[in-house]
>>> print(open('query_16.txt').read())   # compact mmCIF, C-alpha atoms and all ligand atoms
# COMPACT_ATOMS: atom_id res chain seq x y z
CA MET A 1 27.25 76.31 21.89
CA ILE A 2 26.80 73.58 19.28
CA ILE A 3 29.92 71.59 18.38
CA ASP A 4 29.25 70.00 15.02
CA LEU A 5 31.65 67.15 14.24
CA ARG A 6 29.23 65.10 12.12
CA SER A 7 31.30 65.78 9.01
CA ASP A 8 33.79 68.16 7.43
CA THR A 9 30.97 69.18 5.08
CA VAL A 10 29.28 71.39 7.70
CA THR A 11 31.63 74.38 7.32
CA LYS A 12 30.37 77.79 6.20
CA PRO A 13 32.34 80.01 3.80
CA THR A 14 34.77 82.43 5.46
CA GLY A 15 34.52 86.18 4.88
CA ALA A 16 37.37 86.03 2.37
CA MET A 17 35.66 83.21 0.48
CA LEU A 18 32.38 85.15 0.35
CA GLU A 19 34.30 88.13 -1.01
CA ALA A 20 35.77 85.94 -3.75
CA MET A 21 32.20 84.90 -4.66
CA LEU A 22 31.03 88.50 -4.87
CA LYS A 23 33.87 89.40 -7.21
CA ALA A 24 33.39 86.38 -9.50
CA ASP A 25 33.02 86.96 -13.20
CA VAL A 26 30.32 84.53 -14.33
CA GLY A 27 28.72 83.18 -17.49
CA ASP A 28 26.56 80.19 -18.40
CA ASN A 29 28.34 76.92 -17.68
CA VAL A 30 25.93 74.87 -19.83
CA PHE A 31 27.21 76.94 -22.77
CA ASN A 32 30.66 76.34 -21.23
CA ASP A 33 31.43 80.05 -21.12
CA ASP A 34 31.52 80.75 -17.39
CA PRO A 35 35.08 82.10 -17.05
CA THR A 36 35.41 81.32 -13.34
CA VAL A 37 34.32 77.69 -13.80
CA LEU A 38 36.81 77.34 -16.66
CA GLN A 39 39.53 78.83 -14.48
CA LEU A 40 38.78 76.42 -11.62
CA GLU A 41 38.68 73.42 -13.96
CA GLN A 42 42.00 74.37 -15.57
CA LYS A 43 43.61 75.04 -12.21
CA ALA A 44 42.58 71.69 -10.72
CA ALA A 45 43.52 69.74 -13.86
CA ALA A 46 46.95 71.42 -13.92
CA MET A 47 47.59 70.63 -10.24
CA PHE A 48 47.24 66.92 -11.01
CA GLY A 49 48.81 67.14 -14.46
CA MET A 50 45.60 66.02 -16.15
CA GLU A 51 44.18 67.37 -19.40
CA SER A 52 40.75 68.39 -18.31
CA ALA A 53 38.25 68.74 -15.47
CA LEU A 54 34.52 69.04 -14.90
CA PHE A 55 32.99 71.04 -12.04
CA CYS A 56 29.99 69.23 -10.52
CA VAL A 57 27.57 69.60 -7.66
CA SER A 58 28.82 66.69 -5.51
CA GLY A 59 31.37 63.94 -5.07
CA THR A 60 28.65 61.39 -5.65
CA MET A 61 28.08 62.93 -9.06
CA THR A 62 31.78 62.97 -10.00
CA ASN A 63 32.27 59.35 -8.85
CA GLN A 64 29.15 58.20 -10.65
CA LEU A 65 30.11 60.01 -13.84
CA ALA A 66 33.49 58.29 -13.76
CA ILE A 67 31.88 54.88 -13.29
CA ARG A 68 29.31 55.64 -15.99
CA ILE A 69 31.97 56.52 -18.57
CA HIS A 70 34.32 53.63 -17.72
CA CYS A 71 31.66 50.89 -17.57
CA SER A 72 29.01 49.56 -19.88
CA PRO A 73 26.03 47.34 -18.97
CA GLY A 74 27.29 44.10 -17.43
CA SER A 75 30.62 45.51 -16.28
CA GLU A 76 32.04 45.03 -12.79
CA VAL A 77 33.74 47.55 -10.52
CA ILE A 78 36.42 46.24 -8.15
CA CYS A 79 36.59 48.16 -4.85
CA ASP A 80 36.91 47.76 -1.10
CA LYS A 81 33.73 46.74 0.73
CA LEU A 82 33.89 49.97 2.75
CA SER A 83 33.98 52.20 -0.35
CA HIS A 84 31.77 55.25 -0.59
CA VAL A 85 30.99 54.37 -4.24
CA TYR A 86 29.54 51.05 -3.05
CA LEU A 87 27.98 51.93 0.33
CA TYR A 88 26.83 55.52 0.13
CA GLU A 89 25.86 56.38 -3.41
CA GLY A 90 22.38 54.91 -3.44
CA GLY A 91 23.25 51.88 -5.54
CA GLY A 92 24.37 54.23 -8.31
CA ILE A 93 26.72 51.68 -9.86
CA ALA A 94 23.68 49.56 -10.73
CA LEU A 95 21.38 52.49 -11.39
CA ASN A 96 23.63 54.64 -13.57
CA ALA A 97 26.07 52.18 -15.09
CA PHE A 98 24.06 48.90 -15.07
CA SER A 99 27.10 47.30 -13.50
CA SER A 100 27.93 45.17 -10.48
CA THR A 101 30.64 45.38 -7.84
CA LYS A 102 33.21 42.96 -6.54
CA THR A 103 33.96 44.13 -3.02
CA LEU A 104 37.23 43.23 -1.34
CA GLU A 105 38.24 43.12 2.30
CA GLY A 106 41.07 45.61 2.64
CA ASP A 107 43.10 46.95 5.52
CA ARG A 108 40.88 49.72 6.89
CA GLY A 109 39.55 50.20 3.39
CA ARG A 110 42.82 49.87 1.49
CA ILE A 111 43.15 47.04 -1.00
CA THR A 112 46.34 45.61 -2.50
CA ALA A 113 47.52 44.87 -6.02
CA ALA A 114 47.49 41.14 -5.22
CA GLN A 115 43.83 41.33 -4.14
CA VAL A 116 42.91 43.23 -7.29
CA GLU A 117 44.70 40.71 -9.48
CA GLU A 118 42.81 37.86 -7.88
CA ALA A 119 39.46 39.65 -8.24
CA ILE A 120 39.65 40.05 -12.02
CA ASN A 121 37.20 37.79 -13.82
CA ASN A 122 38.24 35.53 -16.67
CA LYS A 123 36.99 37.52 -19.64
CA ASN A 124 36.39 34.38 -21.68
CA ASP A 125 33.93 32.96 -19.15
CA ILE A 126 30.46 34.09 -20.25
CA HIS A 127 29.02 33.46 -16.78
CA LEU A 128 30.93 36.35 -15.29
CA PRO A 129 30.51 40.10 -15.39
CA VAL A 130 33.28 41.89 -17.26
CA SER A 131 35.87 43.40 -14.90
CA ARG A 132 36.25 46.92 -16.21
CA MET A 133 37.61 49.21 -13.52
CA VAL A 134 39.11 49.55 -10.06
CA SER A 135 38.00 52.32 -7.72
CA LEU A 136 40.23 53.37 -4.81
CA GLU A 137 39.40 55.83 -2.03
CA ASN A 138 42.08 58.06 -0.45
CA THR A 139 41.79 59.00 2.31
CA MET A 140 39.46 56.15 3.20
CA ASN A 141 36.44 57.49 5.05
CA LYS A 142 35.07 54.30 6.56
CA GLY A 143 38.60 53.11 7.33
CA GLY A 144 38.94 56.12 9.67
CA GLY A 145 40.64 58.50 7.25
CA SER A 146 43.38 55.99 6.46
CA ILE A 147 45.98 56.86 3.81
CA TYR A 148 47.15 54.67 0.94
CA ASN A 149 50.83 54.01 0.43
CA PHE A 150 51.49 55.46 -3.04
CA LYS A 151 53.77 52.54 -3.90
CA GLU A 152 50.80 50.17 -3.52
CA ILE A 153 48.72 52.42 -5.78
CA GLU A 154 51.46 52.14 -8.41
CA ASN A 155 51.38 48.35 -8.03
CA ILE A 156 47.61 48.39 -8.52
CA LYS A 157 48.08 50.57 -11.61
CA GLU A 158 50.48 47.95 -12.99
CA VAL A 159 47.83 45.23 -12.59
CA CYS A 160 45.23 47.50 -14.21
CA THR A 161 47.48 48.20 -17.19
CA GLN A 162 48.23 44.50 -17.72
CA ASN A 163 44.53 43.68 -17.59
CA LYS A 164 43.18 46.73 -19.45
CA LEU A 165 41.24 47.99 -16.42
CA LYS A 166 40.52 51.66 -15.77
CA LEU A 167 41.65 53.11 -12.45
CA HIS A 168 39.52 55.70 -10.64
CA LEU A 169 40.31 57.61 -7.46
CA ASP A 170 37.57 58.74 -5.10
CA GLY A 171 39.69 61.57 -3.76
CA ALA A 172 36.98 63.29 -1.74
CA ARG A 173 39.73 63.86 0.84
CA ILE A 174 42.84 63.46 -1.32
CA PHE A 175 44.37 66.68 0.01
CA ASN A 176 44.16 65.31 3.56
CA ALA A 177 46.39 62.48 2.32
CA LEU A 178 48.75 64.71 0.33
CA VAL A 179 49.52 67.14 3.17
CA GLU A 180 50.54 64.19 5.35
CA THR A 181 52.60 62.18 2.85
CA ASN A 182 53.99 65.08 0.78
CA ASP A 183 53.28 62.99 -2.33
CA SER A 184 52.81 65.16 -5.39
CA PRO A 185 49.34 65.47 -6.95
CA LEU A 186 51.18 65.12 -10.28
CA SER A 187 52.14 61.55 -9.40
CA TYR A 188 48.46 60.81 -8.77
CA GLY A 189 47.56 62.30 -12.15
CA LYS A 190 49.98 59.90 -13.81
CA VAL A 191 48.42 56.69 -12.49
CA PHE A 192 44.68 57.38 -12.41
CA ASP A 193 42.39 57.58 -15.45
CA THR A 194 39.95 59.72 -13.47
CA ILE A 195 40.14 61.50 -10.12
CA SER A 196 37.26 62.93 -8.13
CA ILE A 197 38.10 65.67 -5.63
CA CYS A 198 35.70 67.37 -3.21
CA LEU A 199 35.84 71.08 -2.47
CA SER A 200 33.02 70.88 0.07
CA LYS A 201 34.83 68.70 2.62
CA GLY A 202 38.03 69.82 4.36
CA LEU A 203 38.63 72.56 1.81
CA GLY A 204 35.66 74.44 3.22
CA CYS A 205 33.57 75.29 0.14
CA PRO A 206 29.79 75.35 0.41
CA VAL A 207 29.29 73.13 -2.67
CA GLY A 208 31.28 71.39 -5.35
CA SER A 209 33.48 68.59 -6.62
CA LEU A 210 35.65 68.13 -9.68
CA LEU A 211 36.19 65.17 -11.97
CA LEU A 212 39.64 65.14 -13.58
CA GLY A 213 40.67 63.12 -16.61
CA SER A 214 41.60 63.19 -20.27
CA GLU A 215 39.91 65.58 -22.69
CA GLU A 216 38.04 62.65 -24.21
CA LEU A 217 36.74 61.25 -20.90
CA ILE A 218 35.70 64.64 -19.58
CA THR A 219 33.79 65.37 -22.79
CA GLN A 220 31.83 62.15 -22.20
CA ALA A 221 31.28 63.02 -18.54
CA ARG A 222 29.97 66.48 -19.51
CA ARG A 223 27.25 64.81 -21.60
CA PHE A 224 26.16 62.55 -18.71
CA ARG A 225 26.29 65.42 -16.22
CA LYS A 226 23.70 67.18 -18.39
CA VAL A 227 21.55 64.03 -18.57
CA MET A 228 21.62 63.75 -14.76
CA GLY A 229 20.35 67.34 -14.53
CA GLY A 230 23.74 68.56 -13.42
CA GLY A 231 24.13 71.34 -15.99
CA TRP A 232 24.29 74.55 -14.01
CA ARG A 233 24.30 78.11 -15.18
CA GLN A 234 26.18 80.85 -13.27
CA ALA A 235 28.16 78.22 -11.37
CA GLY A 236 31.12 80.60 -11.34
CA PHE A 237 29.98 81.99 -7.99
CA LEU A 238 30.63 78.54 -6.52
CA ALA A 239 33.74 77.95 -8.61
CA ALA A 240 35.19 81.14 -7.08
CA CYS A 241 35.02 79.45 -3.69
CA GLY A 242 36.88 76.47 -5.14
CA ILE A 243 39.68 78.64 -6.51
CA TYR A 244 39.97 80.39 -3.17
CA ALA A 245 40.07 77.06 -1.33
CA LEU A 246 42.76 75.55 -3.56
CA ASP A 247 44.88 78.68 -3.04
CA HIS A 248 44.40 79.11 0.71
CA GLN A 249 42.88 76.14 2.49
CA ILE A 250 44.98 73.09 1.71
CA GLU A 251 47.95 73.47 4.10
CA ARG A 252 45.67 74.15 7.05
CA LEU A 253 44.26 70.62 6.82
CA LYS A 254 47.20 69.64 9.01
CA GLU A 255 45.54 71.55 11.86
CA ASP A 256 42.44 69.37 11.50
CA HIS A 257 44.66 66.30 11.72
CA LYS A 258 46.33 67.58 14.87
CA ARG A 259 42.94 68.24 16.46
CA ALA A 260 41.68 64.80 15.48
CA LYS A 261 44.66 63.22 17.26
CA GLU A 262 43.93 65.33 20.35
CA ILE A 263 40.32 64.14 20.35
CA GLY A 264 41.55 60.57 19.91
CA SER A 265 43.84 60.71 22.91
CA LEU A 266 41.06 62.27 24.98
CA LEU A 267 38.66 59.52 23.89
CA SER A 268 41.07 56.72 24.68
CA LYS A 269 40.95 57.82 28.35
CA GLN A 270 37.15 57.66 28.57
CA GLU A 271 35.28 54.81 30.19
CA PHE A 272 32.64 54.79 27.45
CA VAL A 273 35.26 54.01 24.79
CA ALA A 274 36.41 50.45 24.04
CA ASN A 275 38.84 51.24 21.28
CA VAL A 276 39.87 54.13 19.00
CA TYR A 277 40.89 53.45 15.38
CA PRO A 278 44.37 54.68 14.42
CA ILE A 279 44.08 58.37 13.48
CA GLU A 280 45.93 59.41 10.34
CA THR A 281 43.98 62.47 9.19
CA ASN A 282 40.82 64.34 10.25
CA ILE A 283 38.54 61.38 10.98
CA VAL A 284 38.16 59.77 14.39
CA ILE A 285 36.28 56.47 14.63
CA PHE A 286 35.86 54.70 17.93
CA GLU A 287 34.02 51.73 19.34
CA LEU A 288 31.76 52.19 22.34
CA ALA A 289 32.32 50.15 25.49
CA ASN A 290 29.74 47.76 27.00
CA LYS A 291 28.01 47.24 23.65
CA MET A 292 26.44 50.66 23.90
CA HIS A 293 24.48 51.50 20.77
CA ALA A 294 25.87 54.29 18.63
CA SER A 295 22.37 55.73 18.15
CA ASP A 296 21.97 56.12 21.95
CA PHE A 297 25.39 57.71 22.29
CA VAL A 298 24.76 60.12 19.42
CA ALA A 299 21.41 61.14 20.95
CA GLN A 300 22.95 61.73 24.40
CA MET A 301 25.78 63.79 22.97
CA SER A 302 23.39 65.76 20.82
CA ALA A 303 21.38 66.67 23.93
CA ARG A 304 24.65 68.15 25.29
CA GLY A 305 25.37 70.14 22.14
CA LEU A 306 27.92 67.78 20.59
CA LEU A 307 26.90 66.47 17.19
CA CYS A 308 28.54 63.31 15.82
CA SER A 309 27.63 60.40 13.54
CA GLY A 310 26.84 56.76 14.23
CA PHE A 311 29.08 54.73 11.96
CA GLY A 312 28.01 51.17 12.66
CA LYS A 313 26.12 49.52 15.52
CA HIS A 314 28.73 50.44 18.15
CA LEU A 315 30.92 52.78 16.12
CA VAL A 316 30.93 56.57 16.25
CA ARG A 317 32.66 59.06 13.94
CA PHE A 318 33.95 62.56 14.70
CA VAL A 319 35.35 64.67 11.85
CA THR A 320 37.42 67.80 12.48
CA HIS A 321 37.24 70.79 10.14
CA LEU A 322 37.79 74.49 9.48
CA ASP A 323 34.97 75.69 11.76
CA PHE A 324 36.05 73.66 14.80
CA THR A 325 37.59 76.22 17.15
CA ASP A 326 39.81 76.11 20.26
CA VAL A 327 36.86 77.19 22.36
CA GLN A 328 34.85 74.27 20.99
CA MET A 329 37.73 71.91 21.76
CA GLU A 330 37.58 73.00 25.39
CA ALA A 331 33.81 72.63 25.43
CA LEU A 332 34.17 69.12 24.03
CA GLU A 333 36.53 68.17 26.86
CA GLU A 334 33.92 69.49 29.26
CA VAL A 335 31.18 67.36 27.67
CA PHE A 336 33.37 64.25 28.08
CA ARG A 337 34.17 65.18 31.71
CA LYS A 338 30.45 65.26 32.48
C1 LIG A 401 31.68 62.81 0.94
C2 LIG A 401 32.26 61.76 0.12
C3 LIG A 401 31.94 61.63 -1.24
C4 LIG A 401 30.97 62.52 -1.96
O1 LIG A 401 29.91 62.95 -1.23
P1 LIG A 401 28.91 64.10 -1.69
O2 LIG A 401 28.17 64.36 -0.44
O3 LIG A 401 28.08 63.52 -2.76
O4 LIG A 401 29.71 65.27 -2.17
C5 LIG A 401 32.57 60.64 -1.95
N1 LIG A 401 33.47 59.84 -1.38
C6 LIG A 401 33.81 59.95 -0.10
C7 LIG A 401 34.86 59.05 0.46
C8 LIG A 401 33.22 60.91 0.70
O5 LIG A 401 33.58 61.01 1.99
>>> encode(input="query_16.txt", output="structure tokens")
Amino acid sequence: MIIDLRSDTVTKPTGAMLEAMLKADVGDNVFNDDPTVLQLEQKAAAMFGMESALFCVSGTMTNQLAIRIHCSPGSEVICDKLSHVYLYEGGGIALNAFSSTKTLEGDRGRITAAQVEEAINNKNDIHLPVSRMVSLENTMNKGGGSIYNFKEIENIKEVCTQNKLKLHLDGARIFNALVETNDSPLSYGKVFDTISICLSKGLGCPVGSLLLGSEELITQARRFRKVMGGGWRQAGFLAACGIYALDHQIERLKEDHKRAKEIGSLLSKQEFVANVYPIETNIVIFELANKMHASDFVAQMSARGLLCSGFGKHLVRFVTHLDFTDVQMEALEEVFRK
């Protein structure tokens, strides 16, 4: 038995999701007449109270499109130094938007309004890049699935409004945050100019992300999606999975969180563990004892059928998801015992 906890992206569609795909009514999304894509886009936009949405192949694409439309050459993006947009998108901020980043040191990836305010460049100083946008991540992957306090997000919005900065949310795992805090997605729609959500993470879809925003911004993003080669044809088959996931697979994220906490308490009793990060959602990050290298640990676990990710020299990440079963949980305990 292989237990795959490398990421919540490894899930396969359920039977019911596959059935939804088979029944999908499709068209050509480059002509913007695929009815199932339109339905998904309208559904997601409405959930967050935003005007419009764009269905894309990945969260990297939706984040990069947002940055591309908010920035112009010589702009600067303010974000935490652990941000996905900065660390894991291939330098896309430079490549796609000809812009730089000012990275801040947050609390497990969460920055404050005061930090943002201090990071804004004087726009009259020609030496400096032009501060143009702030990008937040919720939940924060590299912070161990940490959740933002919505009040702080509102404070950051205030600073952005005063300084004419755009505010983007990398919400690859926003539903993991929402099921824990019971904040409304509508309140998120009110403060962010653009929101990226992933369907292919905890929601269990094989492929897909959405960028949400105003009609005007999404029209611009649609143009750049085409330029990036992201125009897809009968994408409705994949959009059908997204509709199914939004209807049926949000509440169950709580089960992933419960499992993650169980794994965390198991880990904290192991000799090979120095310290487990606080667990708020479905991500477990821990530090290995005795300066053991994450790559060695990952290789040893992999030989025993447990797949996980190195997340720093001595850090390891486990992510719980839809396809992680009770039987696998027992098997995992057995691997640790040995
Ligand atoms: C996974 C992820 C993304 C997008 O990744 P893709 O693999 O391109 O879909 C963006 N932000 C965060 C925080 C992520 O975890």
>>> residues_around(input="query_16.txt", residues="A:Gly229", least_positions_apart="4", cutoff="12 Å", atoms="all atoms listed in the file", output="PDB file with C-alpha atoms, in the coordinates of the input")
ATOM      1  CA  VAL A  30      25.930  74.870 -19.830  1.00  0.00           C
ATOM      2  CA  CYS A  56      29.990  69.230 -10.520  1.00  0.00           C
ATOM      3  CA  VAL A  57      27.570  69.600  -7.660  1.00  0.00           C
ATOM      4  CA  MET A  61      28.080  62.930  -9.060  1.00  0.00           C
ATOM      5  CA  ARG A 222      29.970  66.480 -19.510  1.00  0.00           C
ATOM      6  CA  ARG A 223      27.250  64.810 -21.600  1.00  0.00           C
ATOM      7  CA  PHE A 224      26.160  62.550 -18.710  1.00  0.00           C
ATOM      8  CA  ARG A 225      26.290  65.420 -16.220  1.00  0.00           C
ATOM      9  CA  ARG A 233      24.300  78.110 -15.180  1.00  0.00           C
TER      10      ARG A 233
END
>>> atom_distance(input="query_16.txt", atom1="atom O2 of ligand LIG 401 (chain A)", atom2="atom CA of A:Gln220")
22.2 Å
>>> residues_around(input="query_16.txt", residues="stretch 212-219 of chain A", least_positions_apart="6", cutoff="10 Å", atoms="all atoms listed in the file", output="ChimeraX atom specification")
/A:41-42,44-46,48-55,62,65-66,69-70,168-169,189,192-197,225
>>> residues_around(input="query_16.txt", residues="A:Asp4", least_positions_apart="2", cutoff="7 Å", atoms="all atoms listed in the file", output="list in words")
Ile2, Arg6, Leu306, Leu307 and Cys308 of chain A
>>> residues_around(input="query_16.txt", residues="A:Lys164", least_positions_apart="5", cutoff="9 Å", atoms="all atoms listed in the file", output="number ranges by chain")
A: 132-133, 159
>>> residues_near_ligand(input="query_16.txt", ligand="ligand LIG 401 (chain A)", cutoff="8 Å", atoms="all atoms listed in the file", output="NGL selection string")
:A and (9 or 57-61 or 63 or 83-85 or 88-89 or 137-142 or 170-173 or 198 or 200-201 or 207-209)
>>> closest_residue(input="query_16.txt", among="A:Gly144, A:Gln234, A:Ile250, A:Ile3", to="A:Glu287", atoms="all atoms listed in the file")
A:Gly144
>>> residues_near_point(input="query_16.txt", point="(22.5, 45.5, -23.5)", cutoff="12 Å", atoms="all atoms listed in the file", output="number ranges by chain")
A: 72-75, 97-99
>>> closest_residue(input="query_16.txt", among="A:Glu251, A:Asn121, A:Leu246, A:Phe272", to="A:Asn182", atoms="only C-alpha atoms")
A:Glu251
>>> residues_near_point(input="query_16.txt", point="(44.8, 58.2, 16.6)", cutoff="12 Å", atoms="all atoms listed in the file", output="PyMOL selection string")
chain A and resi 144-146+257-268+275-286+318
>>> atom_distance(input="query_16.txt", atom1="atom CA of A:Asn155", atom2="atom CA of A:His127")
28.3 Å
